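See below for the structure under consideration.
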Amino acid sequence: MTIGNFASTALAACLAIAPLAAPAAATNEDNETVTTKAPTSPPVAEKREHSYTNHGITLTDPYHWLRDKSYPTVDDEDVLDYIKAENAWFETRMAPQQALTDALFEEMKARIKEDDSSVPQKDGDWIYWSKFEEGAQYRKHYRKPVAGGDDVLILDENELAEGHEYFRLGAASISMNGRYLAYSTDTNGSERYTARIKDLQTGELLADELTGLRGGLTWVAKDTALVYGPATEEWRTLEARLHVIGTPAESDVTLYKEADQSFGVGTGLSAQDDWLIIGAGDNETSEVRLVRADNPTGEQILVKPRQKGVEYSVDVRDGEVWVWTNDDHINFRLAKAKLETPGDWQTVIAGSDEFYLTGFDLFKDFFVTEGRLDGLDQVQVRSYAQPGTAKPIAFPEASYSAGLSNNPEYDVKKLRLAYESMVTPDSVYDFHLADGRLELLKQQEIPSGYDPSLYTTERVMIEARDGTKVPVSVVMRKDRDKMNGGPGGPLHLYAYGSYGYAMPPSFSTTRLSLVDRGFAYAIAHVRGGDDLGRRWYLQGKLFERRNTFNDFVDVGRGLIALGYTAEGKVTASGGSAGGEVMGAVLNQDPAQYGAVVAHVPFVDVVNTMLDESLPLTPGEWQEWGNPITDKEAFAYMLSYSPYDQVKAQAYPPLLVTAGLNDPRVTYWEPAKWVAKLRDTKTDSNELLFKTNMGAGHGGKSGRWNSIYEVAEEFAFILWQMGMAGEK
């Protein structure tokens, strides 16, 4: 069984927090300190001739050389020298803002309870929880017997992280008999995990070691074996492999191998832990197989052969296969079938234009459906006898984010829920099925103090240029106008807008450092996410991708028109595919923004989608299009690709980040973009580029290191907005 609250919440790399200073110090071979002068001008990347022709169109790419030919090893001295020079320029320019960065960090840190614990949850004969100790970067994980007994430390992330610049706990799974803990770790940000097994009776690590993993760890064969997903050299998970405990990894058996390079493979257990579910799919097509968990090498049952554009996932209960699928409605339906005829799907809950069904969970005496109605999260309890009748769980606010949390057991009388809003801190509830009562177990504590009555949150609909109404969630101080001397103060706008991932109106303690300085903070629920249903997602991908960028620009312009802010007072941020949004909107409407932050931005779209050797490219063609085979896709992609569309115009102040070990957005994408911007833009505004040399996609790991990077980001924004001295 997988312990739902067990995984570390840290997103990425662990680099030491060090004060920035204008002079840089290093040591030579004799360990003598050598001081180098701070740079007085930004680095200028060399241009090297490189061009290629695709579909009759020839493109030049003078910064192509920034991709190290040895990747994923990065050892080209020219490449490293340029990246280090950019880091030195970042440090030099940010050095005068060190006091502000430190002040922001301290106030963010003061909002975090240092010795915080998760809410304990029963799973079998044990109760599990995790906690931070005061000052610690990472969690410790504990359990104790339900029958009574002492707390037992089962895993210490701080111990595992010791000596590493970066640490992240990946999968963590307790065997069904409670004896073994299988867990995986990443110590360089490459997201290639190493798995170990700990005997919780003796406290000893077994000799078993599985390297180069992605995904989860699933116990099968009566706790004698693990199913895992090895990563290929291209960082793709194309297999479900079986490891028998105590045997060499070289003898592991492949249970399933996917031939389509664009697909990924994952595994899990059914609700009653009796079936191993092997799923394969890409961003638009699925295929699932079942095999008995106590005999994982036995005969597999193919639920239904893949059909392009049809997604489905399954669970099994009492000899029936339950299926969530979009085969006959864009917003998905729930169906079921007999195990003997698993592809004969009979509707349980029909698809709906109003209700977007996002998933389901099976329990012994009831089941739960989750989804969104008018963009608002719904959690519905349903009976097996009358599945069409839903009992929605009522929540106390008009706008919020809510869903099932950690519910590891099949036979339960209450459900663990997570809840928050833009003004209500992260909250954990138990919903009692007998009387429909919500019991608050814990709400995030803010030691430095937080008064929700000082803030207001709004949901605004902004009309985009094509007439579509785009929802925007806004939080701000009630006295914001007074703080700014009238309406039209600064506003920070955030969006993601890709892969059908909705951006919930959630709470953030770090965000308060902007809001308490007079900012409004807005989340634009742009197309490309599935905030308003599956169609909302489809309208922001492939040949409709430009809708995402237009929505973001038009939301900002709409908020200006409504008096929330003014031109040049909008700041913006986004990461990864959201960083692509930042690049595209900067090319389209740079005058709107006073400062922009693009984290690990996916900006070199055409070159990346042309390179099928890169880890994610084949699986991404369903999202962006395949420019190798499709001339129209190539032309459309080229029309918005931020790197290719950089032009001679003024750009606002810009901070860009990267991770040298990032397998998702490779470091050279933002590096090339920054180099081209420096050479092309017509203004003298700040352009800073920071690469984490020992990290990956998510930046620094460890709770303090992570928020320090947020403090740097906010310091940059406040500096550029002329608010560096405000508290």
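The chains in the structure tokens are called A, B, ... from first to last as shown; in each chain the residues are counted from 1, and the ligands are counted from 1 in the order shown.
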
Neighbour list for Thr571 of chain A as number ranges by chain, cut-off 7 Å, only C-alpha atoms, skip fewer than 2 positions in-chain
A: 491-493, 569, 593-596

Write a file of the selected residues as a PDB file, in the first residue's frame, keeping N, CA and C atoms.
ATOM      1  N   LEU A 491      -0.355  44.687  -9.615  1.00  0.00           N
ATOM      2  CA  LEU A 491      -1.064  43.404  -9.640  1.00  0.00           C
ATOM      3  C   LEU A 491      -0.141  42.349 -10.221  1.00  0.00           C
ATOM      4  N   HIS A 492      -0.069  41.219  -9.553  1.00  0.00           N
ATOM      5  CA  HIS A 492       0.734  40.100 -10.064  1.00  0.00           C
ATOM      6  C   HIS A 492      -0.194  39.065 -10.680  1.00  0.00           C
ATOM      7  N   LEU A 493       0.116  38.667 -11.912  1.00  0.00           N
ATOM      8  CA  LEU A 493      -0.730  37.753 -12.677  1.00  0.00           C
ATOM      9  C   LEU A 493       0.029  36.465 -12.948  1.00  0.00           C
ATOM     10  N   LYS A 569       2.035  48.312 -14.505  1.00  0.00           N
ATOM     11  CA  LYS A 569       1.982  47.902 -13.100  1.00  0.00           C
ATOM     12  C   LYS A 569       1.606  46.424 -12.950  1.00  0.00           C
ATOM     13  N   TYR A 593       3.609  45.000 -18.938  1.00  0.00           N
ATOM     14  CA  TYR A 593       4.230  44.418 -17.748  1.00  0.00           C
ATOM     15  C   TYR A 593       5.351  45.288 -17.184  1.00  0.00           C
ATOM     16  N   GLY A 594       5.365  45.364 -15.848  1.00  0.00           N
ATOM     17  CA  GLY A 594       6.429  46.076 -15.152  1.00  0.00           C
ATOM     18  C   GLY A 594       7.595  45.187 -14.813  1.00  0.00           C
ATOM     19  N   ALA A 595       7.367  43.887 -14.705  1.00  0.00           N
ATOM     20  CA  ALA A 595       8.423  42.902 -14.443  1.00  0.00           C
ATOM     21  C   ALA A 595       7.833  41.525 -14.675  1.00  0.00           C
ATOM     22  N   VAL A 596       8.662  40.606 -15.175  1.00  0.00           N
ATOM     23  CA  VAL A 596       8.210  39.244 -15.481  1.00  0.00           C
ATOM     24  C   VAL A 596       9.261  38.254 -14.989  1.00  0.00           C
TER      25      VAL A 596
END

Near segment 44-48 of chain A, 10 Å: segment 598-698 of chain A residue rows, closest pairs, only C-alpha atoms, as CSV:
residue,atom,partner,partner_atom,distance
A:Ala671,CA,A:Ala45,CA,9.3
A:Lys672,CA,A:Ala45,CA,8.7
A:Val674,CA,A:Ala45,CA,9.2
A:Ala675,CA,A:Ala45,CA,5.8
A:Lys676,CA,A:Ala45,CA,8.4
A:Arg678,CA,A:Val44,CA,7.3
A:Asp679,CA,A:Val44,CA,7.6

The distance between atom CA of Gly518 of chain A and atom CA of Asp116 of chain A is 29.4 Å

In Å and to one decimal, atom CA of Ala561 of chain A is distant from atom CA of Glu544 of chain A by 25.8 Å

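Atom CA of Gly279 of chain A to atom CA of Gln380 of chain A spans 25.5 Å [interatomic distance, one decimal].
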